[in-house]
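Only one structure is covered here, and it is reproduced in the block below.
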Amino acid sequence: MRIKTGIDGFDEIIEGGLLQGRQYLLSGSPGSGKTTFGVQFLAAGALAGEPGAYIALSESIDTIVEDMSRYNFHVNELIDKKKLFFLDIGPNKNYGEYNDFSTIITPDYDQKIDDSPETTPPSPQSVFKNVETLVKHTGVKRLVVDSLSAIRFTAQSPAQEERSIGKFIRNLKTLDCTTILLSELIKPDAYTIEQFASHGVIFLHNFMDKNDRMARALQIIKMRGTKHDCDMRTLEFTPKGLRVRKELKA
Ligand SMILES: Nc1ncnc2c1ncn2[C@@H]1O[C@H](COP(=O)(O)OP(=O)(O)O)[C@@H](O)[C@H]1O
Ligand SMILES: [Mg+2]
């Protein structure tokens with residue numbers, strides 16, 4: 001079954017949409033449109049009878065909701081109707097803000113004893129537990145995790161970090177939600193465990209074009225079970241959200 005993302009011009013280039021229950025990685029530099037893509041995907045689902053949740057690990061929900069309210073996604077209305085959930089499980093957050101989850105979400109301060117809770121990022125295990133609880137309580141079918149980068153740096157060693165990210169993605173697969181994992185794109189040619197473990201990888205680019213103007217583009221790197229190309233396509237920000245246009249000319 002193909003899941004429509006609601007991103008204008010995107011579903012057409014991936015055979016009609018994402019595959020139900022799978023995990024996708026959306027990677028891009030700051031300001032490239034990851035949060036917008038994620039919220040647009042959740043809002044489209046919420047309007048089509050598939051409620052969704054945005055799991056915020058690095059930025060405050062207030063800021064995200066305020067910024068996303070500028071688009072015609074009907075974010076506040078969908079939150080009120082309990083079709084769209086924002087879950088705050090980053091460091092120094094109010095657990096379960098915007099939802100009634102303060103009693104079921106468990107803060108995770110069981111890492112290094114000398115770490116201050118205000119600065120300690122949550123571990124992949126505790127993030128998964130909280131997401132699992134949320135999915136069971138609300139029946140959401142779409143998830144956005146913002147971001148994998150926030151939980152990447154909690155492990156003691158790079159090998160342990162790889163293992164725990166891999167396990168986190170495998171755990172998410174058991175929830176049967178179509179999931180978009182956001183991550184900071186640092187080196188586009190560095191293959192990371194999240195790229196291997198995800199069913200699809202999408203890059204958002206934000207770069208200086210040959211006329212020295214900032215250009216935005218979307219590129220599909222990998223999409224299992226789907227025929228696609230790897231062309232860079234122009235990405236526009238409109239009042240209705242993101243819009244994927246034609247291929248960028250070299
Ligand atoms: N209402 C808007 N209309 C058009 N563009 C916007 C609007 N709001 C934000 N933007 C653009 O989107 C960018 C942020 O997008 P965002 O999805 O938050 O990126 P990321 O999550 O990758 O950091 C801003 O830097 C700005 O260029
Ligand atoms: Mg963001």
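Residue numbering restarts at 1 for every chain of the structure tokens, chains are lettered A, B, ... in their displayed order, and ligands are numbered from 1 as they appear.
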
Write out as CSV a residue-level contact list of chain A versus ligand 1 with cut-off 12 Å: for each qualifying residue the closest pair of atoms and the distance in Å to one decimal, counting only C-alpha atoms and all ligand atoms, rows sorted by chain and residue number upward.
residue,atom,partner,partner_atom_place_in_ligand_line,distance
A:Leu26,CA,ligand 1,22 (O),9.3
A:Ser27,CA,ligand 1,22 (O),8.2
A:Gly28,CA,ligand 1,22 (O),6.0
A:Ser29,CA,ligand 1,22 (O),6.0
A:Pro30,CA,ligand 1,23 (O),3.9
A:Gly31,CA,ligand 1,23 (O),3.4
A:Ser32,CA,ligand 1,22 (O),4.0
A:Gly33,CA,ligand 1,17 (O),3.2
A:Lys34,CA,ligand 1,22 (O),3.8
A:Thr35,CA,ligand 1,21 (O),3.7
A:Thr36,CA,ligand 1,17 (O),3.7
A:Phe37,CA,ligand 1,17 (O),6.3
A:Gly38,CA,ligand 1,17 (O),7.9
A:Val39,CA,ligand 1,17 (O),8.5
A:Gln40,CA,ligand 1,17 (O),9.6
A:Phe41,CA,ligand 1,17 (O),11.8
A:Ala56,CA,ligand 1,21 (O),11.1
A:Ser58,CA,ligand 1,21 (O),10.7
A:Glu59,CA,ligand 1,21 (O),9.7
A:Thr63,CA,ligand 1,18 (O),9.8
A:Ile64,CA,ligand 1,18 (O),7.7
A:Val65,CA,ligand 1,18 (O),10.6
A:Glu66,CA,ligand 1,8 (N),10.0
A:Asp67,CA,ligand 1,8 (N),6.3
A:Met68,CA,ligand 1,8 (N),7.2
A:Ser69,CA,ligand 1,1 (N),8.2
A:Arg70,CA,ligand 1,1 (N),4.9
A:Tyr71,CA,ligand 1,1 (N),5.4
A:Asn72,CA,ligand 1,1 (N),9.0
A:Phe73,CA,ligand 1,1 (N),10.8
A:Val144,CA,ligand 1,21 (O),11.6
A:Val145,CA,ligand 1,21 (O),11.3
A:Asp146,CA,ligand 1,21 (O),8.3
A:Ser147,CA,ligand 1,21 (O),9.3
A:Leu181,CA,ligand 1,21 (O),11.6
A:Leu182,CA,ligand 1,21 (O),8.2
A:Ser183,CA,ligand 1,22 (O),8.6
A:Glu184,CA,ligand 1,22 (O),7.8
A:Leu185,CA,ligand 1,22 (O),9.5
A:Phe203,CA,ligand 1,22 (O),10.4
A:Leu204,CA,ligand 1,22 (O),7.9
A:His205,CA,ligand 1,22 (O),9.3
A:Asn206,CA,ligand 1,22 (O),9.2
A:Met214,CA,ligand 1,27 (O),10.0
A:Ala215,CA,ligand 1,27 (O),10.6
A:Arg216,CA,ligand 1,27 (O),9.6
A:Ala217,CA,ligand 1,22 (O),12.0
A:Leu218,CA,ligand 1,22 (O),11.8
A:Leu235,CA,ligand 1,5 (N),10.8
A:Glu236,CA,ligand 1,5 (N),8.2
A:Phe237,CA,ligand 1,4 (C),4.7
A:Thr238,CA,ligand 1,4 (C),5.5
A:Pro239,CA,ligand 1,3 (N),5.6
A:Lys240,CA,ligand 1,3 (N),8.5
A:Gly241,CA,ligand 1,3 (N),7.3
A:Leu242,CA,ligand 1,4 (C),8.6
A:Arg243,CA,ligand 1,4 (C),10.9

Among stretch 45-216 of chain A, which ones does DSSP assign to helix (DSSP H, G or I) (computed from the backbone)? Answer as a compact mmCIF listing (two decimals) with C-alpha atoms, in the first residue's frame.
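Printed below is states_29.txt as written:
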# COMPACT_ATOMS: atom_id res chain seq x y z
CA GLY A 45 -2.09 11.79 7.07
CA ALA A 46 -4.21 13.34 9.79
CA LEU A 47 -6.58 14.78 7.16
CA ILE A 61 7.56 21.91 20.55
CA ASP A 62 6.38 25.47 21.08
CA THR A 63 8.84 26.72 18.49
CA ILE A 64 8.04 23.96 16.01
CA VAL A 65 4.26 24.41 16.34
CA GLU A 66 4.56 28.19 16.09
CA ASP A 67 6.69 27.99 12.93
CA MET A 68 4.55 25.29 11.30
CA VAL A 75 -1.66 22.25 12.79
CA ASN A 76 -3.49 23.65 15.83
CA GLU A 77 -6.85 22.35 14.67
CA LEU A 78 -5.40 18.85 14.12
CA ILE A 79 -3.76 18.94 17.57
CA ASP A 80 -7.11 19.91 19.15
CA PRO A 124 17.66 5.46 22.07
CA GLN A 125 16.06 2.91 24.39
CA SER A 126 14.13 5.48 26.40
CA VAL A 127 13.06 7.32 23.25
CA PHE A 128 11.77 4.07 21.79
CA LYS A 129 9.87 3.17 24.98
CA ASN A 130 8.17 6.56 24.99
CA VAL A 131 7.30 6.35 21.30
CA GLU A 132 5.93 2.83 21.77
CA THR A 133 3.74 4.01 24.65
CA LEU A 134 2.49 6.92 22.58
CA VAL A 135 1.66 4.70 19.59
CA LYS A 136 -0.24 2.24 21.81
CA HIS A 137 -2.22 5.00 23.53
CA THR A 138 -3.10 7.03 20.48
CA LEU A 148 18.27 10.86 14.92
CA SER A 149 21.26 13.15 15.29
CA ALA A 150 19.98 14.07 18.76
CA ILE A 151 20.23 10.50 20.01
CA ARG A 152 23.30 9.59 18.02
CA PRO A 158 31.22 4.80 17.99
CA ALA A 159 30.61 1.04 17.76
CA GLN A 160 28.03 1.17 20.53
CA GLU A 161 26.47 4.20 18.88
CA GLU A 162 26.06 2.32 15.59
CA ARG A 163 24.55 -0.64 17.38
CA SER A 164 22.07 1.40 19.36
CA ILE A 165 20.93 3.44 16.33
CA GLY A 166 20.51 0.20 14.35
CA LYS A 167 18.52 -1.31 17.19
CA PHE A 168 16.41 1.83 17.54
CA ILE A 169 15.40 1.63 13.85
CA ARG A 170 14.71 -2.11 14.11
CA ASN A 171 12.55 -1.48 17.17
CA LEU A 172 10.60 1.20 15.32
CA LYS A 173 9.79 -1.36 12.63
CA ILE A 193 24.03 2.93 9.87
CA GLU A 194 20.76 4.85 9.56
CA GLN A 195 21.15 4.90 5.77
CA PHE A 196 21.65 1.13 5.69
CA ALA A 197 18.87 0.43 8.18

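The interatomic distance for the pair atom CA of A:Asp176 and atom CA of A:Arg142 works out to 8.8 Å.
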
Give me, as number ranges by chain, the residues of stretch 3-241 of chain A that a backbone DSSP run labels strand (DSSP E). A: 3, 18-19, 23-28, 52-56, 84-88, 142-146, 178-184, 200-208, 214-223, 232-238, 241

One residue among A:Leu87, A:Ile13, A:Val201, A:Ile7 is nearest to A:Asp229 when using only C-alpha atoms, and that residue is A:Ile13

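The two atoms in question, atom CA of A:Lys81 and atom CA of A:Leu25, are spaced 28.0 Å apart.
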
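Put simply, atom CA of A:Pro51 is 4.5 Å away from atom CA of A:Lys83.
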
Hey, what's within 7 Å of A:Phe85 if we count only C-alpha atoms and toss same-chain stuff fewer than 3 positions away? As a ChimeraX atom specification, please? /A:52-54,79,82,99
